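Just model_8.json here, JSON, C-alpha atoms and all ligand atoms:
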```json
[["chain", "number", "residue", "atom", "x", "y", "z"],
["A", 1, "MET", "CA", 24.98, 88.98, 167.10],
["A", 2, "ILE", "CA", 25.31, 90.86, 170.39],
["A", 3, "LYS", "CA", 22.12, 91.45, 172.41],
["A", 4, "PRO", "CA", 20.81, 95.03, 172.58],
["A", 5, "LEU", "CA", 23.00, 97.11, 174.89],
["A", 6, "ASN", "CA", 22.06, 99.91, 177.29],
["A", 7, "PHE", "CA", 23.75, 103.11, 176.19],
["A", 8, "LEU", "CA", 24.02, 106.05, 178.57],
["A", 9, "VAL", "CA", 24.98, 109.20, 176.67],
["A", 10, "SER", "CA", 25.70, 112.63, 178.12],
["A", 11, "ALA", "CA", 25.17, 115.64, 175.87],
["A", 12, "GLY", "CA", 25.37, 119.40, 175.78],
["A", 13, "PRO", "CA", 26.83, 121.95, 178.15],
["A", 14, "THR", "CA", 26.21, 122.53, 181.83],
["A", 15, "ARG", "CA", 25.20, 125.88, 183.30],
["A", 16, "GLU", "CA", 26.65, 127.21, 186.51],
["A", 17, "HIS", "CA", 24.54, 130.04, 187.86],
["A", 18, "ILE", "CA", 25.99, 133.25, 189.30],
["A", 19, "ASP", "CA", 22.51, 134.61, 189.99],
["A", 20, "PRO", "CA", 19.05, 133.80, 188.58],
["A", 21, "VAL", "CA", 19.79, 135.47, 185.24],
["A", 22, "ARG", "CA", 23.52, 134.92, 184.70],
["A", 23, "PHE", "CA", 25.58, 131.78, 184.36],
["A", 24, "ILE", "CA", 28.87, 130.30, 183.17],
["A", 25, "THR", "CA", 28.58, 127.84, 180.30],
["A", 26, "ASN", "CA", 30.22, 126.83, 177.01],
["A", 27, "ALA", "CA", 29.31, 126.49, 173.34],
["A", 28, "SER", "CA", 28.19, 122.85, 173.28],
["A", 29, "SER", "CA", 24.90, 122.42, 171.42],
["A", 30, "GLY", "CA", 24.31, 118.77, 172.30],
["A", 31, "LYS", "CA", 24.50, 117.72, 168.61],
["A", 32, "MET", "CA", 27.33, 115.24, 169.09],
["A", 33, "GLY", "CA", 25.63, 113.46, 171.99],
["A", 34, "PHE", "CA", 22.24, 113.33, 170.32],
["A", 35, "MET", "CA", 23.84, 111.84, 167.20],
["A", 36, "VAL", "CA", 25.49, 109.12, 169.27],
["A", 37, "ALA", "CA", 22.07, 108.43, 170.78],
["A", 38, "GLU", "CA", 20.44, 108.28, 167.33],
["A", 39, "ALA", "CA", 23.17, 105.95, 166.03],
["A", 40, "ALA", "CA", 22.75, 103.59, 168.99],
["A", 41, "LEU", "CA", 18.95, 103.57, 168.58],
["A", 42, "ALA", "CA", 19.28, 102.92, 164.85],
["A", 43, "ALA", "CA", 21.50, 99.92, 165.64],
["A", 44, "GLY", "CA", 18.78, 98.50, 167.90],
["A", 45, "HIS", "CA", 20.11, 99.48, 171.33],
["A", 46, "GLN", "CA", 18.40, 101.14, 174.30],
["A", 47, "VAL", "CA", 19.44, 104.69, 175.04],
["A", 48, "LYS", "CA", 19.24, 107.08, 177.96],
["A", 49, "ILE", "CA", 20.45, 110.62, 177.36],
["A", 50, "VAL", "CA", 21.53, 112.85, 180.22],
["A", 51, "THR", "CA", 21.46, 116.28, 178.69],
["A", 52, "GLY", "CA", 22.38, 119.78, 179.74],
["A", 53, "PRO", "CA", 20.28, 122.70, 178.46],
["A", 54, "VAL", "CA", 19.94, 122.32, 174.66],
["A", 55, "THR", "CA", 17.43, 123.37, 172.02],
["A", 56, "LEU", "CA", 17.46, 120.12, 170.02],
["A", 57, "GLU", "CA", 14.50, 117.84, 169.42],
["A", 58, "TYR", "CA", 14.77, 114.73, 171.58],
["A", 59, "PRO", "CA", 15.06, 111.37, 169.78],
["A", 60, "GLU", "CA", 11.64, 109.72, 170.05],
["A", 61, "LYS", "CA", 12.78, 106.39, 171.42],
["A", 62, "ALA", "CA", 15.33, 107.62, 173.94],
["A", 63, "GLU", "CA", 14.69, 108.28, 177.60],
["A", 64, "VAL", "CA", 15.90, 111.81, 178.26],
["A", 65, "ILE", "CA", 16.98, 113.10, 181.65],
["A", 66, "GLU", "CA", 17.29, 116.88, 181.76],
["A", 67, "THR", "CA", 19.97, 118.52, 183.88],
["A", 68, "ILE", "CA", 21.28, 122.05, 184.28],
["A", 69, "THR", "CA", 24.43, 122.06, 186.38],
["A", 70, "ALA", "CA", 27.48, 119.80, 186.51],
["A", 71, "MET", "CA", 26.31, 118.65, 189.94],
["A", 72, "ASP", "CA", 22.91, 117.64, 188.45],
["A", 73, "MET", "CA", 24.62, 115.82, 185.59],
["A", 74, "HIS", "CA", 26.98, 114.09, 188.02],
["A", 75, "ALA", "CA", 24.01, 112.85, 190.08],
["A", 76, "ALA", "CA", 22.06, 111.66, 187.01],
["A", 77, "ILE", "CA", 25.03, 109.76, 185.57],
["A", 78, "MET", "CA", 25.87, 108.18, 188.92],
["A", 79, "THR", "CA", 22.26, 107.01, 189.31],
["A", 80, "ASN", "CA", 22.01, 105.53, 185.84],
["A", 81, "PHE", "CA", 25.53, 104.22, 185.34],
["A", 82, "PRO", "CA", 25.10, 100.90, 187.18],
["A", 83, "GLU", "CA", 22.41, 99.80, 184.68],
["A", 84, "CYS", "CA", 24.32, 100.75, 181.52],
["A", 85, "ASP", "CA", 26.69, 98.73, 179.36],
["A", 86, "VAL", "CA", 28.23, 101.69, 177.57],
["A", 87, "LEU", "CA", 28.77, 105.25, 178.78],
["A", 88, "VAL", "CA", 29.56, 107.87, 176.14],
["A", 89, "MET", "CA", 30.44, 111.24, 177.71],
["A", 90, "THR", "CA", 30.14, 113.84, 174.96],
["A", 91, "ALA", "CA", 28.99, 116.55, 177.41],
["A", 92, "ALA", "CA", 31.09, 119.65, 177.89],
["A", 93, "VAL", "CA", 30.83, 119.72, 181.67],
["A", 94, "CYS", "CA", 31.88, 123.00, 183.30],
["A", 95, "ASP", "CA", 34.97, 122.32, 185.39],
["A", 96, "TYR", "CA", 34.12, 125.09, 187.88],
["A", 97, "ARG", "CA", 31.03, 126.64, 189.49],
["A", 98, "PRO", "CA", 30.60, 129.87, 191.48],
["A", 99, "THR", "CA", 31.20, 129.26, 195.18],
["A", 100, "LYS", "CA", 27.94, 131.15, 195.82],
["A", 101, "THR", "CA", 24.83, 131.59, 193.70],
["A", 102, "SER", "CA", 22.92, 134.74, 194.59],
["A", 103, "ILE", "CA", 19.17, 134.20, 195.09],
["A", 104, "ASN", "CA", 18.50, 137.65, 193.67],
["A", 105, "LYS", "CA", 19.90, 139.37, 190.60],
["A", 106, "ILE", "CA", 23.23, 140.99, 191.43],
["A", 107, "HIS", "CA", 23.16, 144.73, 190.80],
["A", 108, "LYS", "CA", 25.98, 146.63, 189.21],
["A", 109, "SER", "CA", 28.23, 148.71, 191.46],
["A", 110, "ASP", "CA", 31.36, 150.82, 190.96],
["A", 111, "GLU", "CA", 33.56, 148.10, 192.49],
["A", 112, "THR", "CA", 35.43, 145.41, 190.54],
["A", 113, "PHE", "CA", 33.32, 142.25, 190.64],
["A", 114, "ILE", "CA", 35.34, 139.25, 191.76],
["A", 115, "LEU", "CA", 33.81, 135.86, 191.05],
["A", 116, "ARG", "CA", 35.13, 132.95, 193.12],
["A", 117, "LEU", "CA", 34.89, 129.52, 191.56],
["A", 118, "GLU", "CA", 35.18, 126.05, 193.01],
["A", 119, "LYS", "CA", 35.84, 122.78, 191.22],
["A", 120, "ASN", "CA", 33.02, 120.55, 190.07],
["A", 121, "PRO", "CA", 33.42, 116.79, 190.57],
["A", 122, "ASP", "CA", 34.73, 114.85, 187.61],
["A", 123, "ILE", "CA", 31.96, 112.51, 186.46],
["A", 124, "LEU", "CA", 34.21, 110.03, 184.65],
["A", 125, "LEU", "CA", 36.48, 109.70, 187.68],
["A", 126, "SER", "CA", 33.45, 109.21, 189.94],
["A", 127, "VAL", "CA", 31.84, 106.44, 187.86],
["A", 128, "ARG", "CA", 35.02, 104.40, 188.11],
["A", 129, "ARG", "CA", 33.99, 103.58, 191.70],
["A", 130, "LEU", "CA", 30.84, 101.84, 190.40],
["A", 131, "GLU", "CA", 32.30, 100.17, 187.33],
["A", 132, "LYS", "CA", 31.34, 96.59, 186.44],
["A", 133, "ASN", "CA", 32.66, 95.82, 182.96],
["A", 134, "GLN", "CA", 31.09, 98.85, 181.29],
["A", 135, "THR", "CA", 32.67, 100.39, 178.21],
["A", 136, "ILE", "CA", 33.61, 104.02, 178.82],
["A", 137, "ILE", "CA", 34.13, 106.45, 175.97],
["A", 138, "GLY", "CA", 34.93, 110.13, 176.44],
["A", 139, "PHE", "CA", 35.69, 113.18, 174.38],
["A", 140, "ALA", "CA", 38.37, 115.84, 174.56],
["A", 141, "ALA", "CA", 37.83, 119.21, 172.87],
["A", 142, "GLU", "CA", 41.23, 120.85, 172.49],
["A", 143, "THR", "CA", 42.68, 123.93, 170.80],
["A", 144, "ASN", "CA", 46.33, 122.79, 170.97],
["A", 145, "ASP", "CA", 48.41, 119.70, 171.77],
["A", 146, "VAL", "CA", 45.23, 117.83, 170.89],
["A", 147, "ILE", "CA", 46.56, 114.28, 170.93],
["A", 148, "ILE", "CA", 48.89, 114.67, 173.93],
["A", 149, "SER", "CA", 46.13, 116.25, 176.05],
["A", 150, "ALA", "CA", 43.53, 113.70, 174.99],
["A", 151, "ARG", "CA", 45.86, 110.76, 175.70],
["A", 152, "ARG", "CA", 46.55, 112.21, 179.16],
["A", 153, "LYS", "CA", 42.78, 112.40, 179.84],
["A", 154, "LEU", "CA", 42.18, 108.87, 178.57],
["A", 155, "GLU", "CA", 44.84, 107.52, 180.93],
["A", 156, "LYS", "CA", 43.87, 109.62, 183.96],
["A", 157, "LYS", "CA", 40.17, 108.76, 183.66],
["A", 158, "ARG", "CA", 40.87, 105.16, 182.55],
["A", 159, "MET", "CA", 38.62, 105.24, 179.49],
["A", 160, "ASP", "CA", 38.47, 102.58, 176.80],
["A", 161, "MET", "CA", 38.52, 105.18, 174.05],
["A", 162, "ILE", "CA", 38.57, 108.96, 173.74],
["A", 163, "VAL", "CA", 37.59, 111.07, 170.76],
["A", 164, "ALA", "CA", 40.17, 113.84, 170.51],
["A", 165, "ASN", "CA", 38.70, 116.77, 168.61],
["A", 166, "GLU", "CA", 40.15, 120.09, 167.60],
["A", 167, "VAL", "CA", 37.96, 123.10, 168.40],
["A", 168, "GLY", "CA", 38.27, 126.85, 167.99],
["A", 169, "GLY", "CA", 37.46, 127.27, 164.30],
["A", 170, "LYS", "CA", 34.17, 127.54, 162.41],
["A", 171, "GLU", "CA", 34.47, 124.42, 160.26],
["A", 172, "TYR", "CA", 34.30, 121.83, 162.98],
["A", 173, "GLY", "CA", 33.82, 121.51, 166.73],
["A", 174, "PHE", "CA", 31.10, 123.12, 168.83],
["A", 175, "ALA", "CA", 27.57, 123.54, 167.46],
["A", 176, "VAL", "CA", 28.29, 122.58, 163.82],
["A", 177, "GLU", "CA", 27.77, 119.38, 161.81],
["A", 178, "HIS", "CA", 31.44, 118.37, 161.60],
["A", 179, "ILE", "CA", 34.21, 117.36, 163.93],
["A", 180, "LYS", "CA", 37.94, 116.94, 163.30],
["A", 181, "ALA", "CA", 38.66, 113.79, 165.19],
["A", 182, "THR", "CA", 41.23, 111.19, 166.14],
["A", 183, "LEU", "CA", 40.19, 108.09, 168.06],
["A", 184, "LEU", "CA", 42.62, 107.18, 170.84],
["A", 185, "PHE", "CA", 42.36, 103.67, 172.26],
["A", 186, "LYS", "CA", 43.51, 102.37, 175.64],
["A", 187, "ASN", "CA", 45.91, 99.94, 173.91],
["A", 188, "GLY", "CA", 47.91, 102.92, 172.60],
["A", 189, "GLU", "CA", 46.48, 102.92, 169.08],
["A", 190, "ASN", "CA", 45.55, 106.28, 167.49],
["A", 191, "ARG", "CA", 43.20, 106.38, 164.48],
["A", 192, "GLU", "CA", 43.12, 109.72, 162.70],
["A", 193, "LEU", "CA", 39.78, 110.37, 161.00],
["A", 194, "GLY", "CA", 40.22, 114.02, 159.96],
["A", 195, "ARG", "CA", 37.21, 116.27, 159.37],
["A", 196, "CYS", "CA", 34.06, 114.20, 159.25],
["A", 197, "ARG", "CA", 30.34, 114.42, 159.95],
["A", 198, "LYS", "CA", 29.29, 114.03, 163.57],
["A", 199, "LYS", "CA", 26.71, 111.55, 162.28],
["A", 200, "ASP", "CA", 29.49, 109.35, 160.86],
["A", 201, "ILE", "CA", 31.61, 109.59, 164.01],
["A", 202, "ALA", "CA", 28.55, 108.63, 166.05],
["A", 203, "GLU", "CA", 28.15, 105.42, 164.03],
["A", 204, "ILE", "CA", 31.84, 104.61, 164.45],
["A", 205, "ILE", "CA", 31.59, 105.16, 168.22],
["A", 206, "VAL", "CA", 28.64, 102.77, 168.48],
["A", 207, "LYS", "CA", 30.54, 100.10, 166.48],
["A", 208, "GLU", "CA", 33.66, 100.49, 168.64],
["A", 209, "ALA", "CA", 31.57, 100.30, 171.82],
["A", 210, "ILE", "CA", 30.06, 97.02, 170.64],
["A", 211, "LYS", "CA", 33.55, 95.64, 169.92],
["A", 212, "PHE", "CA", 34.68, 96.55, 173.44],
["A", 213, "GLN", "CA", 31.61, 94.86, 174.91],
["A", 214, "GLU", "CA", 32.14, 91.72, 172.80],
["A", 215, "SER", "CA", 35.80, 91.49, 173.81],
["A", 216, "SER", "CA", 34.94, 91.87, 177.51],
["A", 217, "ARG", "CA", 32.59, 88.86, 177.52],
["B", 1, "LIG", "O1", 27.64, 119.49, 171.57],
["B", 1, "LIG", "P1", 28.30, 119.87, 170.27],
["B", 1, "LIG", "O2", 28.01, 121.31, 169.89],
["B", 1, "LIG", "O3", 27.99, 118.90, 169.15],
["B", 1, "LIG", "O4", 29.87, 119.82, 170.49],
["B", 1, "LIG", "C1", 30.50, 118.59, 170.71],
["B", 1, "LIG", "C2", 31.69, 118.75, 171.71],
["B", 1, "LIG", "C3", 32.76, 119.63, 171.12],
["B", 1, "LIG", "C4", 31.18, 119.35, 173.03],
["B", 1, "LIG", "C5", 32.21, 117.31, 171.98],
["B", 1, "LIG", "O5", 32.68, 116.80, 170.77],
["B", 1, "LIG", "C6", 33.36, 117.30, 173.00],
["B", 1, "LIG", "O6", 34.50, 117.39, 172.65],
["B", 1, "LIG", "N1", 33.00, 117.12, 174.31],
["B", 1, "LIG", "C7", 33.99, 117.09, 175.42],
["B", 1, "LIG", "C8", 34.32, 118.49, 175.83],
["B", 1, "LIG", "C9", 35.59, 118.57, 176.69],
["B", 1, "LIG", "O7", 36.49, 119.29, 176.40],
["B", 1, "LIG", "O8", 35.66, 117.78, 177.69],
["B", 1, "LIG", "P2", 36.87, 117.82, 178.78],
["B", 1, "LIG", "O9", 38.19, 117.79, 178.13],
["B", 1, "LIG", "O10", 36.58, 118.92, 179.75],
["B", 1, "LIG", "O11", 36.60, 116.47, 179.51],
["B", 1, "LIG", "C10", 37.12, 115.20, 179.08],
["B", 1, "LIG", "C11", 36.05, 114.17, 179.31],
["B", 1, "LIG", "O12", 35.69, 114.16, 180.71],
["B", 1, "LIG", "C12", 34.75, 114.40, 178.54],
["B", 1, "LIG", "O13", 34.26, 113.17, 178.09],
["B", 1, "LIG", "C13", 33.82, 115.04, 179.58],
["B", 1, "LIG", "O14", 32.45, 114.74, 179.33],
["B", 1, "LIG", "C14", 34.30, 114.40, 180.88],
["B", 1, "LIG", "N2", 34.15, 115.26, 182.08],
["B", 1, "LIG", "C15", 34.60, 116.53, 182.09],
["B", 1, "LIG", "C16", 34.45, 117.31, 183.23],
["B", 1, "LIG", "C17", 33.82, 116.75, 184.37],
["B", 1, "LIG", "N3", 33.64, 117.47, 185.47],
["B", 1, "LIG", "N4", 33.40, 115.48, 184.34],
["B", 1, "LIG", "C18", 33.58, 114.70, 183.22],
["B", 1, "LIG", "O15", 33.21, 113.52, 183.21]]
```
Just give me the structure as structure tokens.
Ligand code: PMT
Amino acid sequence: MIKPLNFLVSAGPTREHIDPVRFITNASSGKMGFMVAEAALAAGHQVKIVTGPVTLEYPEKAEVIETITAMDMHAAIMTNFPECDVLVMTAAVCDYRPTKTSINKIHKSDETFILRLEKNPDILLSVRRLEKNQTIIGFAAETNDVIISARRKLEKKRMDMIVANEVGGKEYGFAVEHIKATLLFKNGENRELGRCRKKDIAEIIVKEAIKFQESSR
């Protein structure tokens, strides 16, 4: 029996403000991340969730850290990563943010509105600097070349496992109960799971994380 592990789970979208009332975001609801948190709690582990803006009920036994922007989420993960055993990044972090956020609401004019964006830091690449035997699991939401793109991300960000999932339809993906997933492992193995419940995938992720932790001891 492995001792209870510390899971750090990111969930939901980030919001990148243009002005106080407008922002760039994506369709993540936080469901996938919260289900991973629930599965880890149910298996007797400790869980911290770093969440973007979501409307879900928080799991009672988890510590929840609320964030809005990718920069906030980056800071919260960096602060909490050293104490975790397992990081599961389900969050759909916005890759870009406006170069300027207006303090006041921007009023309409007759001109074309050009929005300049700059890159947000990549959280998974950043945590690598602090890594001490943690298990790192990520996600890749893709509309095409799902496996090739996900494998590229796994290698670039040096994850232990990535959950490649197809998005773009109504049956699975963002904000619904199902996901169409393939697990890609760092040893080159791919395990196709097809369309399944996020709840079931969450349990599989927790089991795989425990196996990684056991094999690293
Ligand atoms: O929240 P739900 O509605 O349940 O939807 C679940 C989901 C579709 C959001 C989830 O299953 C999912 O796929 N999340 C990852 C979304 C994505 O496409 O990530 P990415 O390809 O941009 O990034 C790859 C990995 O790097 C992810 O683990 C991501 O959290 C991480 N990342 C991304 C950008 C960034 N700046 N820093 C990161 O660490």
Practice item. Find the distance between atom O15 of ligand LIG 1 (chain B) and CA of Val86 in chain A and write it in Å to one decimal. Key: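 CA of Val86 in chain A lies at a distance of 14.0 Å from atom O15 of ligand LIG 1 (chain B).
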**Study point:** Surrounding residues of range 200-209 of chain A excluding itself and chain neighbours under 2 positions, 8 Å, only C-alpha atoms, as number ranges by chain
**Key:** A: 32, 35-36, 39-40, 86, 135, 137, 196-198, 211-213
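Between ligand LIG 1 (chain B) and the residues A:Leu124, A:Leu115, A:Leu8, A:Ile24, the shortest atom-to-atom distance, using all atoms listed in the file, involves A:Leu124.
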Point to revise | Selection near range 58-68 of chain A, 7 Å with all atoms listed in the file, sequence-local residues under 6 positions removed, as a list in words | key: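 Neighbouring residues, sequence-local ones excluded: Thr14, Arg15, Glu38, Val47, Lys48, Ile49, Val50, Thr51 and Gly52 of chain A.
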**Study point:** Neighbourhood of ligand LIG 1 (chain B) at 7 Å, counting all atoms listed in the file, reported as a PyMOL selection string
**Key:** chain A and resi 11-12+27-33+70+89-95+120-125+138-142+153+165+167+173-176
Go ahead and save the picked residues with C-alpha atoms, as a PDB file, keeping the file's coordinate frame.
```
ATOM      1  CA  ALA A  11      25.170 115.640 175.870  1.00  0.00           C
ATOM      2  CA  GLY A  12      25.370 119.400 175.780  1.00  0.00           C
ATOM      3  CA  ALA A  27      29.310 126.490 173.340  1.00  0.00           C
ATOM      4  CA  SER A  28      28.190 122.850 173.280  1.00  0.00           C
ATOM      5  CA  SER A  29      24.900 122.420 171.420  1.00  0.00           C
ATOM      6  CA  GLY A  30      24.310 118.770 172.300  1.00  0.00           C
ATOM      7  CA  LYS A  31      24.500 117.720 168.610  1.00  0.00           C
ATOM      8  CA  MET A  32      27.330 115.240 169.090  1.00  0.00           C
ATOM      9  CA  GLY A  33      25.630 113.460 171.990  1.00  0.00           C
ATOM     10  CA  ALA A  70      27.480 119.800 186.510  1.00  0.00           C
ATOM     11  CA  MET A  89      30.440 111.240 177.710  1.00  0.00           C
ATOM     12  CA  THR A  90      30.140 113.840 174.960  1.00  0.00           C
ATOM     13  CA  ALA A  91      28.990 116.550 177.410  1.00  0.00           C
ATOM     14  CA  ALA A  92      31.090 119.650 177.890  1.00  0.00           C
ATOM     15  CA  VAL A  93      30.830 119.720 181.670  1.00  0.00           C
ATOM     16  CA  CYS A  94      31.880 123.000 183.300  1.00  0.00           C
ATOM     17  CA  ASP A  95      34.970 122.320 185.390  1.00  0.00           C
ATOM     18  CA  ASN A 120      33.020 120.550 190.070  1.00  0.00           C
ATOM     19  CA  PRO A 121      33.420 116.790 190.570  1.00  0.00           C
ATOM     20  CA  ASP A 122      34.730 114.850 187.610  1.00  0.00           C
ATOM     21  CA  ILE A 123      31.960 112.510 186.460  1.00  0.00           C
ATOM     22  CA  LEU A 124      34.210 110.030 184.650  1.00  0.00           C
ATOM     23  CA  LEU A 125      36.480 109.700 187.680  1.00  0.00           C
ATOM     24  CA  GLY A 138      34.930 110.130 176.440  1.00  0.00           C
ATOM     25  CA  PHE A 139      35.690 113.180 174.380  1.00  0.00           C
ATOM     26  CA  ALA A 140      38.370 115.840 174.560  1.00  0.00           C
ATOM     27  CA  ALA A 141      37.830 119.210 172.870  1.00  0.00           C
ATOM     28  CA  GLU A 142      41.230 120.850 172.490  1.00  0.00           C
ATOM     29  CA  LYS A 153      42.780 112.400 179.840  1.00  0.00           C
ATOM     30  CA  ASN A 165      38.700 116.770 168.610  1.00  0.00           C
ATOM     31  CA  VAL A 167      37.960 123.100 168.400  1.00  0.00           C
ATOM     32  CA  GLY A 173      33.820 121.510 166.730  1.00  0.00           C
ATOM     33  CA  PHE A 174      31.100 123.120 168.830  1.00  0.00           C
ATOM     34  CA  ALA A 175      27.570 123.540 167.460  1.00  0.00           C
ATOM     35  CA  VAL A 176      28.290 122.580 163.820  1.00  0.00           C
TER      36      VAL A 176
END
```
Exercise for review: Within 12 Å of Ile103 in chain A, counting only C-alpha atoms, which residues show up once you throw out same-chain ones fewer than 6 positions away? Write them as a count of residues only, please.
Suggested key: 6
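With only C-alpha atoms as the atoms that count, the minimum distance from Ile106 in chain A to the choices A:Cys84, A:Ser216, A:Phe23, A:Glu189 is reached by A:Phe23.
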Exercise for review: Work out how far apart CA of Ser149 in chain A and CA of Leu130 in chain A are and give it in Å to one decimal.
Suggested key: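 Value for the CA of Ser149 in chain A-CA of Leu130 in chain A distance: 25.4 Å.
Nearest residue to Arg217 in chain A among A:Asn190, A:Leu154, A:Lys132, A:Asn104 is A:Lys132, counting all atoms listed in the file.
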Practice item. Tell me which of A:Ile147, A:Val9, A:Met159, A:Val127 sits closest to Glu192 in chain A, counting all atoms listed in the file. Key: A:Ile147
Check your understanding: Mind pulling up the distance from CA of Leu5 in chain A to CA of Asp85 in chain A?
Key -> 6.0 Å
Revision key, fill the gap. Counting all atoms listed in the file, the residue among A:Ser126, A:Met161, A:Lys199, A:Glu171 that lies closest to Ala37 in chain A is A:Lys199
Review point. Is there a way to get, as number ranges by chain, all residues within 10 Å of the point (43.6, 103.7, 171.9) in file coordinates, counting only C-alpha atoms?
Key: A: 151, 154-155, 159-163, 182-191
Check your understanding: Which residue, A:Lys108, A:Lys3, A:Arg158, A:Lys119, has the smallest gap to Glu16 in chain A when you use only C-alpha atoms?
Key ->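 The closest residue to Glu16 in chain A is A:Lys119.
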